[in-house]
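Enquirer: The following file, upload03.pdb, comprises PDB, C-alpha atoms, pLDDT in the B column:
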```pdb
MODEL        1
ATOM      1  CA  GLY L 156       5.801 -18.102  23.166  1.00 65.00           C
ATOM      2  CA  ALA L 157       8.234 -20.393  24.912  1.00 79.00           C
ATOM      3  CA  VAL L 158      11.726 -20.850  23.506  1.00 89.00           C
ATOM      4  CA  VAL L 159      13.234 -24.171  22.553  1.00 93.00           C
ATOM      5  CA  SER L 160      16.848 -24.229  21.467  1.00 94.00           C
ATOM      6  CA  GLN L 161      18.258 -27.066  19.396  1.00 96.00           C
ATOM      7  CA  HIS L 162      21.957 -27.584  18.818  1.00 96.00           C
ATOM      8  CA  PRO L 163      23.745 -27.987  16.517  1.00 97.00           C
ATOM      9  CA  SER L 164      21.813 -26.511  13.617  1.00 96.00           C
ATOM     10  CA  TRP L 165      23.804 -28.595  11.193  1.00 96.00           C
ATOM     11  CA  VAL L 166      26.397 -31.329  11.462  1.00 97.00           C
ATOM     12  CA  ILE L 167      28.416 -33.461   9.096  1.00 97.00           C
ATOM     13  CA  CYS L 168      29.831 -36.737  10.340  1.00 96.00           C
ATOM     14  CA  LYS L 169      31.558 -39.751   8.933  1.00 97.00           C
ATOM     15  CA  SER L 170      29.838 -43.106   8.532  1.00 97.00           C
ATOM     16  CA  GLY L 171      30.170 -45.225  11.617  1.00 97.00           C
ATOM     17  CA  THR L 172      30.498 -42.361  14.057  1.00 97.00           C
ATOM     18  CA  SER L 173      27.900 -41.100  16.516  1.00 97.00           C
ATOM     19  CA  VAL L 174      26.427 -37.648  16.746  1.00 97.00           C
ATOM     20  CA  LYS L 175      24.475 -36.046  19.573  1.00 97.00           C
ATOM     21  CA  ILE L 176      21.740 -33.456  19.129  1.00 98.00           C
ATOM     22  CA  GLU L 177      20.554 -31.374  22.076  1.00 97.00           C
ATOM     23  CA  CYS L 178      17.137 -29.884  22.659  1.00 96.00           C
ATOM     24  CA  ARG L 179      16.708 -27.369  25.469  1.00 95.00           C
ATOM     25  CA  SER L 180      13.662 -25.591  26.783  1.00 92.00           C
ATOM     26  CA  LEU L 181      14.975 -22.198  27.849  1.00 92.00           C
ATOM     27  CA  ASP L 182      12.106 -20.689  29.802  1.00 88.00           C
ATOM     28  CA  PHE L 183       9.838 -23.503  30.884  1.00 85.00           C
ATOM     29  CA  GLN L 184      10.044 -27.005  32.267  1.00 87.00           C
ATOM     30  CA  ALA L 185       9.521 -29.564  29.544  1.00 86.00           C
ATOM     31  CA  THR L 186       8.047 -32.709  31.024  1.00 86.00           C
ATOM     32  CA  THR L 187       7.756 -34.158  27.547  1.00 89.00           C
ATOM     33  CA  MET L 188       9.881 -33.761  24.454  1.00 92.00           C
ATOM     34  CA  PHE L 189       9.163 -35.076  21.008  1.00 93.00           C
ATOM     35  CA  TRP L 190      11.692 -35.926  18.330  1.00 96.00           C
ATOM     36  CA  TYR L 191      10.704 -35.726  14.679  1.00 96.00           C
ATOM     37  CA  ARG L 192      12.461 -36.550  11.465  1.00 96.00           C
ATOM     38  CA  GLN L 193      11.775 -34.773   8.205  1.00 94.00           C
ATOM     39  CA  PHE L 194      12.948 -35.855   4.772  1.00 88.00           C
ATOM     40  CA  PRO L 195      13.151 -33.239   1.997  1.00 84.00           C
ATOM     41  CA  LYS L 196       9.738 -31.992   0.930  1.00 82.00           C
ATOM     42  CA  GLN L 197       8.003 -34.363   3.299  1.00 88.00           C
ATOM     43  CA  SER L 198       6.144 -34.059   6.558  1.00 91.00           C
ATOM     44  CA  LEU L 199       7.426 -34.375  10.101  1.00 92.00           C
ATOM     45  CA  MET L 200       7.358 -37.957  11.291  1.00 92.00           C
ATOM     46  CA  LEU L 201       7.395 -38.609  15.013  1.00 92.00           C
ATOM     47  CA  MET L 202      10.324 -40.779  16.044  1.00 95.00           C
ATOM     48  CA  ALA L 203       9.912 -40.910  19.795  1.00 94.00           C
ATOM     49  CA  THR L 204       8.414 -39.290  22.834  1.00 92.00           C
ATOM     50  CA  SER L 205      10.523 -38.764  25.927  1.00 91.00           C
ATOM     51  CA  ASN L 206       9.321 -37.971  29.400  1.00 87.00           C
ATOM     52  CA  GLU L 207      11.696 -36.585  31.970  1.00 84.00           C
ATOM     53  CA  GLY L 208      13.253 -39.318  34.050  1.00 82.00           C
ATOM     54  CA  SER L 209      11.839 -42.261  32.139  1.00 84.00           C
ATOM     55  CA  LYS L 210      12.600 -44.234  29.020  1.00 87.00           C
ATOM     56  CA  ALA L 211      11.550 -42.877  25.689  1.00 92.00           C
ATOM     57  CA  THR L 212       8.659 -44.358  23.761  1.00 93.00           C
ATOM     58  CA  TYR L 213       9.606 -45.077  20.181  1.00 95.00           C
ATOM     59  CA  GLU L 214       7.301 -45.147  17.203  1.00 93.00           C
ATOM     60  CA  GLN L 215       6.977 -48.319  15.213  1.00 93.00           C
ATOM     61  CA  GLY L 216       9.873 -48.824  12.852  1.00 93.00           C
ATOM     62  CA  VAL L 217      12.291 -46.573  14.729  1.00 95.00           C
ATOM     63  CA  GLU L 218      15.362 -48.415  15.991  1.00 94.00           C
ATOM     64  CA  LYS L 219      15.768 -47.574  19.656  1.00 93.00           C
ATOM     65  CA  ASP L 220      19.353 -48.837  19.715  1.00 94.00           C
ATOM     66  CA  LYS L 221      20.272 -46.556  16.855  1.00 96.00           C
ATOM     67  CA  PHE L 222      18.464 -43.432  18.003  1.00 97.00           C
ATOM     68  CA  LEU L 223      19.234 -43.084  21.682  1.00 96.00           C
ATOM     69  CA  ILE L 224      17.113 -40.547  23.510  1.00 94.00           C
ATOM     70  CA  ASN L 225      17.870 -39.229  26.956  1.00 91.00           C
ATOM     71  CA  HIS L 226      15.668 -36.820  28.901  1.00 89.00           C
ATOM     72  CA  ALA L 227      17.594 -36.473  32.132  1.00 82.00           C
ATOM     73  CA  SER L 228      16.280 -33.080  33.173  1.00 89.00           C
ATOM     74  CA  LEU L 229      13.220 -30.915  32.721  1.00 89.00           C
ATOM     75  CA  THR L 230      15.075 -28.658  30.331  1.00 92.00           C
ATOM     76  CA  LEU L 231      17.221 -30.992  28.252  1.00 93.00           C
ATOM     77  CA  SER L 232      16.674 -33.932  25.958  1.00 94.00           C
ATOM     78  CA  THR L 233      19.293 -35.427  23.683  1.00 95.00           C
ATOM     79  CA  LEU L 234      19.084 -37.574  20.587  1.00 97.00           C
ATOM     80  CA  THR L 235      22.183 -39.594  19.739  1.00 97.00           C
ATOM     81  CA  VAL L 236      22.421 -41.163  16.320  1.00 97.00           C
ATOM     82  CA  THR L 237      24.772 -44.095  16.812  1.00 97.00           C
ATOM     83  CA  SER L 238      26.888 -45.661  14.084  1.00 96.00           C
ATOM     84  CA  ALA L 239      25.483 -43.205  11.583  1.00 97.00           C
ATOM     85  CA  HIS L 240      25.045 -44.171   7.955  1.00 96.00           C
ATOM     86  CA  PRO L 241      24.248 -42.025   4.912  1.00 96.00           C
ATOM     87  CA  GLU L 242      20.602 -43.083   5.067  1.00 95.00           C
ATOM     88  CA  ASP L 243      20.388 -41.398   8.470  1.00 96.00           C
ATOM     89  CA  SER L 244      21.004 -38.064   6.776  1.00 96.00           C
ATOM     90  CA  SER L 245      17.918 -35.997   7.420  1.00 96.00           C
ATOM     91  CA  PHE L 246      16.471 -33.011   9.243  1.00 96.00           C
ATOM     92  CA  TYR L 247      15.731 -33.694  12.897  1.00 97.00           C
ATOM     93  CA  ILE L 248      13.399 -31.437  14.895  1.00 97.00           C
ATOM     94  CA  CYS L 249      12.494 -31.499  18.560  1.00 96.00           C
ATOM     95  CA  SER L 250       9.501 -29.980  20.289  1.00 93.00           C
ATOM     96  CA  ALA L 251       8.837 -29.523  23.968  1.00 90.00           C
ATOM     97  CA  SER L 252       5.752 -29.564  26.141  1.00 84.00           C
ATOM     98  CA  ASN L 253       5.014 -28.861  29.801  1.00 78.00           C
ATOM     99  CA  GLY L 254       2.130 -31.295  29.674  1.00 72.00           C
ATOM    100  CA  MET L 255      -0.475 -28.611  29.339  1.00 70.00           C
ATOM    101  CA  ASN L 256       0.678 -26.871  26.197  1.00 63.00           C
ATOM    102  CA  THR L 257      -1.873 -26.181  23.573  1.00 71.00           C
ATOM    103  CA  GLU L 258       0.795 -25.512  21.002  1.00 75.00           C
ATOM    104  CA  ALA L 259       4.100 -27.130  20.147  1.00 77.00           C
ATOM    105  CA  PHE L 260       7.313 -25.262  20.781  1.00 88.00           C
ATOM    106  CA  PHE L 261       9.814 -26.337  18.197  1.00 92.00           C
ATOM    107  CA  GLY L 262      13.548 -26.173  18.105  1.00 94.00           C
ATOM    108  CA  GLN L 263      15.242 -24.785  15.025  1.00 95.00           C
ATOM    109  CA  GLY L 264      16.048 -28.241  13.721  1.00 96.00           C
ATOM    110  CA  THR L 265      19.317 -30.020  12.960  1.00 97.00           C
ATOM    111  CA  ARG L 266      20.422 -30.956   9.483  1.00 96.00           C
ATOM    112  CA  LEU L 267      22.487 -34.110   9.709  1.00 97.00           C
ATOM    113  CA  THR L 268      24.644 -35.211   6.801  1.00 97.00           C
ATOM    114  CA  VAL L 269      26.490 -38.505   7.022  1.00 97.00           C
ATOM    115  CA  VAL L 270      29.313 -38.940   4.541  1.00 97.00           C
TER
ATOM    116  CA  ALA Q1184      -5.268 -43.461  15.191  1.00 65.00           C
ATOM    117  CA  GLN Q1185      -5.351 -39.822  14.288  1.00 76.00           C
ATOM    118  CA  THR Q1186      -4.663 -38.913  10.687  1.00 90.00           C
ATOM    119  CA  VAL Q1187      -4.327 -35.567   9.012  1.00 95.00           C
ATOM    120  CA  THR Q1188      -4.753 -35.248   5.264  1.00 96.00           C
ATOM    121  CA  GLN Q1189      -3.730 -32.408   3.001  1.00 96.00           C
ATOM    122  CA  SER Q1190      -4.832 -33.127  -0.538  1.00 95.00           C
ATOM    123  CA  GLN Q1191      -3.025 -30.218  -2.204  1.00 96.00           C
ATOM    124  CA  PRO Q1192       0.726 -30.855  -2.517  1.00 95.00           C
ATOM    125  CA  GLU Q1193       1.209 -27.503  -4.250  1.00 97.00           C
ATOM    126  CA  MET Q1194      -0.758 -24.296  -4.547  1.00 98.00           C
ATOM    127  CA  SER Q1195      -0.035 -20.936  -6.098  1.00 98.00           C
ATOM    128  CA  VAL Q1196      -1.584 -17.523  -5.661  1.00 98.00           C
ATOM    129  CA  GLN Q1197      -1.109 -14.098  -7.136  1.00 98.00           C
ATOM    130  CA  GLU Q1198       0.237 -11.487  -4.798  1.00 98.00           C
ATOM    131  CA  ALA Q1199      -2.612  -9.648  -3.022  1.00 98.00           C
ATOM    132  CA  GLU Q1200      -5.102 -12.398  -3.867  1.00 98.00           C
ATOM    133  CA  THR Q1201      -6.708 -14.957  -1.572  1.00 98.00           C
ATOM    134  CA  VAL Q1202      -5.896 -18.634  -1.357  1.00 98.00           C
ATOM    135  CA  THR Q1203      -7.416 -21.491   0.635  1.00 98.00           C
ATOM    136  CA  LEU Q1204      -5.487 -24.543   1.763  1.00 98.00           C
ATOM    137  CA  SER Q1205      -7.453 -27.683   2.602  1.00 98.00           C
ATOM    138  CA  CYS Q1206      -7.089 -30.089   5.490  1.00 98.00           C
ATOM    139  CA  THR Q1207      -9.150 -32.958   6.810  1.00 97.00           C
ATOM    140  CA  TYR Q1208      -8.525 -35.069   9.863  1.00 97.00           C
ATOM    141  CA  ASP Q1209      -9.827 -38.126  11.585  1.00 95.00           C
ATOM    142  CA  THR Q1210     -10.221 -38.591  15.319  1.00 92.00           C
ATOM    143  CA  SER Q1211     -12.569 -40.124  17.833  1.00 90.00           C
ATOM    144  CA  GLU Q1212     -11.621 -37.598  20.519  1.00 88.00           C
ATOM    145  CA  SER Q1213     -13.767 -34.623  21.442  1.00 86.00           C
ATOM    146  CA  ASP Q1214     -11.080 -32.454  23.052  1.00 87.00           C
ATOM    147  CA  TYR Q1215      -8.335 -31.523  20.652  1.00 92.00           C
ATOM    148  CA  TYR Q1216      -6.619 -28.670  18.892  1.00 93.00           C
ATOM    149  CA  LEU Q1217      -5.935 -27.988  15.259  1.00 95.00           C
ATOM    150  CA  PHE Q1218      -3.100 -25.919  13.896  1.00 95.00           C
ATOM    151  CA  TRP Q1219      -1.592 -24.531  10.769  1.00 97.00           C
ATOM    152  CA  TYR Q1220       2.190 -24.261  10.798  1.00 95.00           C
ATOM    153  CA  LYS Q1221       4.339 -22.506   8.250  1.00 96.00           C
ATOM    154  CA  GLN Q1222       7.787 -23.818   7.380  1.00 95.00           C
ATOM    155  CA  PRO Q1223       9.878 -21.384   5.309  1.00 94.00           C
ATOM    156  CA  PRO Q1224      13.159 -22.396   3.680  1.00 90.00           C
ATOM    157  CA  SER Q1225      14.902 -21.946   7.041  1.00 90.00           C
ATOM    158  CA  ARG Q1226      12.795 -24.936   8.150  1.00 91.00           C
ATOM    159  CA  GLN Q1227      11.857 -23.299  11.445  1.00 91.00           C
ATOM    160  CA  MET Q1228       8.277 -24.267  12.266  1.00 92.00           C
ATOM    161  CA  ILE Q1229       6.158 -21.145  12.772  1.00 92.00           C
ATOM    162  CA  LEU Q1230       2.674 -21.238  14.239  1.00 92.00           C
ATOM    163  CA  VAL Q1231       0.198 -19.513  11.940  1.00 96.00           C
ATOM    164  CA  ILE Q1232      -3.106 -20.155  13.663  1.00 96.00           C
ATOM    165  CA  ARG Q1233      -4.712 -22.438  16.242  1.00 94.00           C
ATOM    166  CA  GLN Q1234      -8.274 -23.651  16.738  1.00 95.00           C
ATOM    167  CA  GLU Q1235      -9.726 -25.251  19.831  1.00 92.00           C
ATOM    168  CA  ALA Q1236     -12.203 -27.970  18.912  1.00 92.00           C
ATOM    169  CA  TYR Q1237     -14.689 -26.874  21.546  1.00 91.00           C
ATOM    170  CA  LYS Q1238     -14.945 -23.396  20.067  1.00 91.00           C
ATOM    171  CA  GLN Q1239     -17.482 -22.912  17.325  1.00 89.00           C
ATOM    172  CA  GLN Q1240     -16.085 -19.559  16.266  1.00 94.00           C
ATOM    173  CA  ASN Q1241     -13.453 -19.774  13.565  1.00 96.00           C
ATOM    174  CA  ALA Q1242     -10.026 -18.502  14.566  1.00 96.00           C
ATOM    175  CA  THR Q1243      -8.527 -15.486  12.826  1.00 97.00           C
ATOM    176  CA  GLU Q1244      -5.065 -13.947  12.939  1.00 95.00           C
ATOM    177  CA  ASN Q1245      -4.783 -10.837  10.815  1.00 96.00           C
ATOM    178  CA  ARG Q1246      -4.757 -12.063   7.191  1.00 98.00           C
ATOM    179  CA  PHE Q1247      -5.123 -15.693   8.202  1.00 98.00           C
ATOM    180  CA  SER Q1248      -8.416 -17.336   9.038  1.00 98.00           C
ATOM    181  CA  VAL Q1249      -9.749 -20.857   9.241  1.00 98.00           C
ATOM    182  CA  ASN Q1250     -12.975 -22.564   8.280  1.00 98.00           C
ATOM    183  CA  PHE Q1251     -13.457 -25.196  10.954  1.00 97.00           C
ATOM    184  CA  GLN Q1252     -16.190 -27.718  10.231  1.00 96.00           C
ATOM    185  CA  LYS Q1253     -16.134 -30.096  13.190  1.00 94.00           C
ATOM    186  CA  ALA Q1254     -18.791 -32.502  11.962  1.00 94.00           C
ATOM    187  CA  ALA Q1255     -17.067 -32.806   8.594  1.00 95.00           C
ATOM    188  CA  LYS Q1256     -13.624 -32.888  10.272  1.00 96.00           C
ATOM    189  CA  SER Q1257     -12.412 -30.201   7.955  1.00 97.00           C
ATOM    190  CA  PHE Q1258     -10.014 -27.382   8.794  1.00 97.00           C
ATOM    191  CA  SER Q1259      -9.059 -25.114   5.907  1.00 98.00           C
ATOM    192  CA  LEU Q1260      -6.769 -22.093   6.008  1.00 98.00           C
ATOM    193  CA  LYS Q1261      -7.564 -18.918   4.126  1.00 98.00           C
ATOM    194  CA  ILE Q1262      -4.797 -16.447   3.426  1.00 98.00           C
ATOM    195  CA  SER Q1263      -6.049 -13.040   2.341  1.00 98.00           C
ATOM    196  CA  ASP Q1264      -4.018 -10.344   0.594  1.00 98.00           C
ATOM    197  CA  SER Q1265      -1.215 -12.828  -0.049  1.00 98.00           C
ATOM    198  CA  GLN Q1266       2.311 -11.509   0.302  1.00 97.00           C
ATOM    199  CA  LEU Q1267       5.596 -12.755  -1.073  1.00 97.00           C
ATOM    200  CA  GLY Q1268       6.644 -13.663   2.459  1.00 96.00           C
ATOM    201  CA  ASP Q1269       3.772 -16.103   2.693  1.00 97.00           C
ATOM    202  CA  ALA Q1270       5.544 -18.460   0.319  1.00 97.00           C
ATOM    203  CA  ALA Q1271       6.408 -21.566   2.324  1.00 97.00           C
ATOM    204  CA  MET Q1272       5.380 -25.090   3.160  1.00 96.00           C
ATOM    205  CA  TYR Q1273       2.194 -25.186   5.216  1.00 98.00           C
ATOM    206  CA  PHE Q1274       1.384 -28.066   7.518  1.00 97.00           C
ATOM    207  CA  CYS Q1275      -1.953 -28.795   9.084  1.00 97.00           C
ATOM    208  CA  ALA Q1276      -1.619 -30.481  12.486  1.00 95.00           C
ATOM    209  CA  TYR Q1277      -3.731 -32.129  15.158  1.00 94.00           C
ATOM    210  CA  SER Q1278      -2.927 -32.467  18.815  1.00 90.00           C
ATOM    211  CA  ARG Q1279      -4.351 -33.066  22.234  1.00 82.00           C
ATOM    212  CA  PRO Q1280      -3.014 -30.911  25.121  1.00 70.00           C
ATOM    213  CA  GLY Q1281       0.515 -31.890  26.054  1.00 67.00           C
ATOM    214  CA  ASN Q1282       0.619 -34.654  23.504  1.00 77.00           C
ATOM    215  CA  GLN Q1283       2.347 -35.298  20.246  1.00 81.00           C
ATOM    216  CA  PHE Q1284       1.391 -33.574  17.050  1.00 88.00           C
ATOM    217  CA  TYR Q1285       0.164 -35.348  13.961  1.00 91.00           C
ATOM    218  CA  PHE Q1286       1.051 -33.521  10.785  1.00 93.00           C
ATOM    219  CA  GLY Q1287      -0.375 -33.580   7.306  1.00 95.00           C
ATOM    220  CA  THR Q1288       1.878 -34.061   4.315  1.00 94.00           C
ATOM    221  CA  GLY Q1289       2.087 -30.349   3.662  1.00 96.00           C
ATOM    222  CA  THR Q1290       1.139 -27.890   0.943  1.00 97.00           C
ATOM    223  CA  SER Q1291       3.824 -25.918  -0.831  1.00 97.00           C
ATOM    224  CA  LEU Q1292       2.538 -22.398  -1.446  1.00 98.00           C
ATOM    225  CA  THR Q1293       4.019 -20.222  -4.172  1.00 98.00           C
ATOM    226  CA  VAL Q1294       3.182 -16.522  -4.311  1.00 98.00           C
ATOM    227  CA  ILE Q1295       3.423 -15.031  -7.779  1.00 97.00           C
ATOM    228  CA  PRO Q1296       4.478 -11.370  -7.943  1.00 96.00           C
TER
ENDMDL
END
```
Could I get this file's structure written as structure tokens?

Expert:
Amino acid sequence: GAVVSQHPSWVICKSGTSVKIECRSLDFQATTMFWYRQFPKQSLMLMATSNEGSKATYEQGVEKDKFLINHASLTLSTLTVTSAHPEDSSFYICSASNGMNTEAFFGQGTRLTVV
Amino acid sequence: AQTVTQSQPEMSVQEAETVTLSCTYDTSESDYYLFWYKQPPSRQMILVIRQEAYKQQNATENRFSVNFQKAAKSFSLKISDSQLGDAAMYFCAYSRPGNQFYFGTGTSLTVIP
């Protein structure tokens, strides 16, 4: 299957700072990338969908000014958590699609801890 | 809106035995895919099995098979000859080609030696 690399795998940051998470499709062009958030022992909840070259579409209840998503190329999407607070601590997972995929290609996930 | 329901938060099975995980979904679409993903403690999502809605034949992958009942919108996963490495969180998911995935709430599977 296709490879999606997510970086970093874990990060600790101080309250009030921003942290950027990268999601790269290594061997295919990802026209669409999806960002999910997962709390402990819970399911993956879609945060936003990003299409290359256009603004991301956020799910209801997700603050677009707090979770900035950029999809500037066909192989890279970034999620920036701005002014992070402890309640933003979670596991964030990206997945990538070339628009025709019949399966999701997931990154390894990023565990964010805000102290 | 599409919803995926897993009614079993936790399941356990004896090693070498068979276990079935349940999943139901709701959609008005006719072209879609259903999946079972495994999430071990590493939290990497691993595809277990996939079913195309237009196929009547149930998908199988070695020890893993599904019972796909399209009219009932049911999609259960059967794990045969359970192994210790099968212990994980299992998520049922729905998707349309190229689109987002909708996940169930997950079933935590314990394999008892």

Enquirer: Would you mind listing, as an MDAnalysis selection string, all residues of chain Q that have at least one atom within 12 Å of chain L, where all atoms listed in the file are what counts?

Expert: chainID Q and resid 1187:1189 1192:1193 1214:1236 1271:1291

Enquirer: Once the PyMOL selection byres ((chain L and resi 220) around 10) has been applied to the shown file, what residues remain in the selection, as a PDB file with C-alpha atoms, keeping the file's coordinate frame?

Expert:
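Once everything was written out, this is expr-v6.pdb:
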```
ATOM      1  CA  VAL L 217      12.291 -46.573  14.729  1.00 95.00           C
ATOM      2  CA  GLU L 218      15.362 -48.415  15.991  1.00 94.00           C
ATOM      3  CA  LYS L 219      15.768 -47.574  19.656  1.00 93.00           C
ATOM      4  CA  LYS L 221      20.272 -46.556  16.855  1.00 96.00           C
ATOM      5  CA  PHE L 222      18.464 -43.432  18.003  1.00 97.00           C
ATOM      6  CA  LEU L 223      19.234 -43.084  21.682  1.00 96.00           C
ATOM      7  CA  ILE L 224      17.113 -40.547  23.510  1.00 94.00           C
ATOM      8  CA  THR L 235      22.183 -39.594  19.739  1.00 97.00           C
ATOM      9  CA  VAL L 236      22.421 -41.163  16.320  1.00 97.00           C
ATOM     10  CA  THR L 237      24.772 -44.095  16.812  1.00 97.00           C
ATOM     11  CA  SER L 238      26.888 -45.661  14.084  1.00 96.00           C
TER      12      SER L 238
END
```

Enquirer: Starting from the displayed file, determine the output of the PyMOL selection byres ((chain Q and resi 1208) around 7) and express the residue list as a PyMOL selection string.

Expert: chain Q and resi 1186-1188+1206-1207+1209-1210+1256-1257

Enquirer: Can you turn the PyMOL selection byres ((chain L and resi 174) around 9) into a concrete residue list for this file, as a JSON list (two decimals) with C-alpha atoms, keeping the file's coordinate frame?

Expert:
```
[["chain", "number", "residue", "atom", "x", "y", "z"],
["L", 166, "VAL", "CA", 26.40, -31.33, 11.46],
["L", 167, "ILE", "CA", 28.42, -33.46, 9.10],
["L", 168, "CYS", "CA", 29.83, -36.74, 10.34],
["L", 172, "THR", "CA", 30.50, -42.36, 14.06],
["L", 173, "SER", "CA", 27.90, -41.10, 16.52],
["L", 175, "LYS", "CA", 24.48, -36.05, 19.57],
["L", 176, "ILE", "CA", 21.74, -33.46, 19.13],
["L", 234, "LEU", "CA", 19.08, -37.57, 20.59],
["L", 235, "THR", "CA", 22.18, -39.59, 19.74],
["L", 236, "VAL", "CA", 22.42, -41.16, 16.32],
["L", 237, "THR", "CA", 24.77, -44.10, 16.81],
["L", 238, "SER", "CA", 26.89, -45.66, 14.08],
["L", 239, "ALA", "CA", 25.48, -43.20, 11.58],
["L", 267, "LEU", "CA", 22.49, -34.11, 9.71]]
```

Enquirer: Write out as AutoDock Vina command-line options an axis-aligned box for segment 218-222 of chain L: all of its atoms listed in the file, 8 Å added on each side, centre and edge lengths in Å with one decimal.

Expert:
```
--center_x 17.8 --center_y -46.1 --center_z 17.9 --size_x 20.9 --size_y 21.4 --size_z 19.7
```

Enquirer: Interatomic distance between atom CA of Ser160 of chain L and atom CA of Gly208 of chain L?

Expert: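 Value for the atom CA of Ser160 of chain L-atom CA of Gly208 of chain L distance: 20.0 Å.
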
Enquirer: How about completing segment 1219-1234 of chain Q with N, CA and C atoms and giving it to me as a PDB file, keeping the file's coordinate frame?

Expert:
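Wrote it out as part_39.pdb, contents follow:
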```
ATOM      1  N   TRP Q1219      -2.302 -24.683  12.026  1.00 97.00           N
ATOM      2  CA  TRP Q1219      -1.592 -24.531  10.769  1.00 97.00           C
ATOM      3  C   TRP Q1219      -0.211 -23.980  11.113  1.00 97.00           C
ATOM      4  N   TYR Q1220       0.814 -24.694  10.628  1.00 95.00           N
ATOM      5  CA  TYR Q1220       2.190 -24.261  10.798  1.00 95.00           C
ATOM      6  C   TYR Q1220       2.767 -23.916   9.437  1.00 95.00           C
ATOM      7  N   LYS Q1221       3.626 -22.925   9.448  1.00 96.00           N
ATOM      8  CA  LYS Q1221       4.339 -22.506   8.250  1.00 96.00           C
ATOM      9  C   LYS Q1221       5.795 -22.902   8.409  1.00 96.00           C
ATOM     10  N   GLN Q1222       6.370 -23.478   7.344  1.00 95.00           N
ATOM     11  CA  GLN Q1222       7.787 -23.818   7.380  1.00 95.00           C
ATOM     12  C   GLN Q1222       8.473 -23.175   6.180  1.00 95.00           C
ATOM     13  N   PRO Q1223       9.136 -22.045   6.394  1.00 94.00           N
ATOM     14  CA  PRO Q1223       9.878 -21.384   5.309  1.00 94.00           C
ATOM     15  C   PRO Q1223      11.141 -22.159   4.988  1.00 94.00           C
ATOM     16  N   PRO Q1224      11.921 -21.685   4.036  1.00 90.00           N
ATOM     17  CA  PRO Q1224      13.159 -22.396   3.680  1.00 90.00           C
ATOM     18  C   PRO Q1224      14.109 -22.608   4.863  1.00 90.00           C
ATOM     19  N   SER Q1225      14.053 -21.754   5.859  1.00 90.00           N
ATOM     20  CA  SER Q1225      14.902 -21.946   7.041  1.00 90.00           C
ATOM     21  C   SER Q1225      14.526 -23.207   7.804  1.00 90.00           C
ATOM     22  N   ARG Q1226      13.330 -23.712   7.560  1.00 91.00           N
ATOM     23  CA  ARG Q1226      12.795 -24.936   8.150  1.00 91.00           C
ATOM     24  C   ARG Q1226      12.371 -24.778   9.611  1.00 91.00           C
ATOM     25  N   GLN Q1227      12.402 -23.555  10.108  1.00 91.00           N
ATOM     26  CA  GLN Q1227      11.857 -23.299  11.445  1.00 91.00           C
ATOM     27  C   GLN Q1227      10.339 -23.387  11.357  1.00 91.00           C
ATOM     28  N   MET Q1228       9.732 -24.133  12.242  1.00 92.00           N
ATOM     29  CA  MET Q1228       8.277 -24.267  12.266  1.00 92.00           C
ATOM     30  C   MET Q1228       7.679 -23.036  12.955  1.00 92.00           C
ATOM     31  N   ILE Q1229       6.769 -22.377  12.268  1.00 92.00           N
ATOM     32  CA  ILE Q1229       6.158 -21.145  12.772  1.00 92.00           C
ATOM     33  C   ILE Q1229       4.650 -21.350  12.870  1.00 92.00           C
ATOM     34  N   LEU Q1230       4.117 -21.101  14.048  1.00 92.00           N
ATOM     35  CA  LEU Q1230       2.674 -21.238  14.239  1.00 92.00           C
ATOM     36  C   LEU Q1230       1.946 -20.112  13.511  1.00 92.00           C
ATOM     37  N   VAL Q1231       1.000 -20.491  12.673  1.00 96.00           N
ATOM     38  CA  VAL Q1231       0.198 -19.513  11.940  1.00 96.00           C
ATOM     39  C   VAL Q1231      -1.102 -19.239  12.671  1.00 96.00           C
ATOM     40  N   ILE Q1232      -1.800 -20.311  13.043  1.00 96.00           N
ATOM     41  CA  ILE Q1232      -3.106 -20.155  13.663  1.00 96.00           C
ATOM     42  C   ILE Q1232      -3.482 -21.450  14.385  1.00 96.00           C
ATOM     43  N   ARG Q1233      -4.305 -21.304  15.410  1.00 94.00           N
ATOM     44  CA  ARG Q1233      -4.712 -22.438  16.242  1.00 94.00           C
ATOM     45  C   ARG Q1233      -6.218 -22.375  16.469  1.00 94.00           C
ATOM     46  N   GLN Q1234      -6.824 -23.560  16.503  1.00 95.00           N
ATOM     47  CA  GLN Q1234      -8.274 -23.651  16.738  1.00 95.00           C
ATOM     48  C   GLN Q1234      -8.547 -24.691  17.807  1.00 95.00           C
TER      49      GLN Q1234
END
```
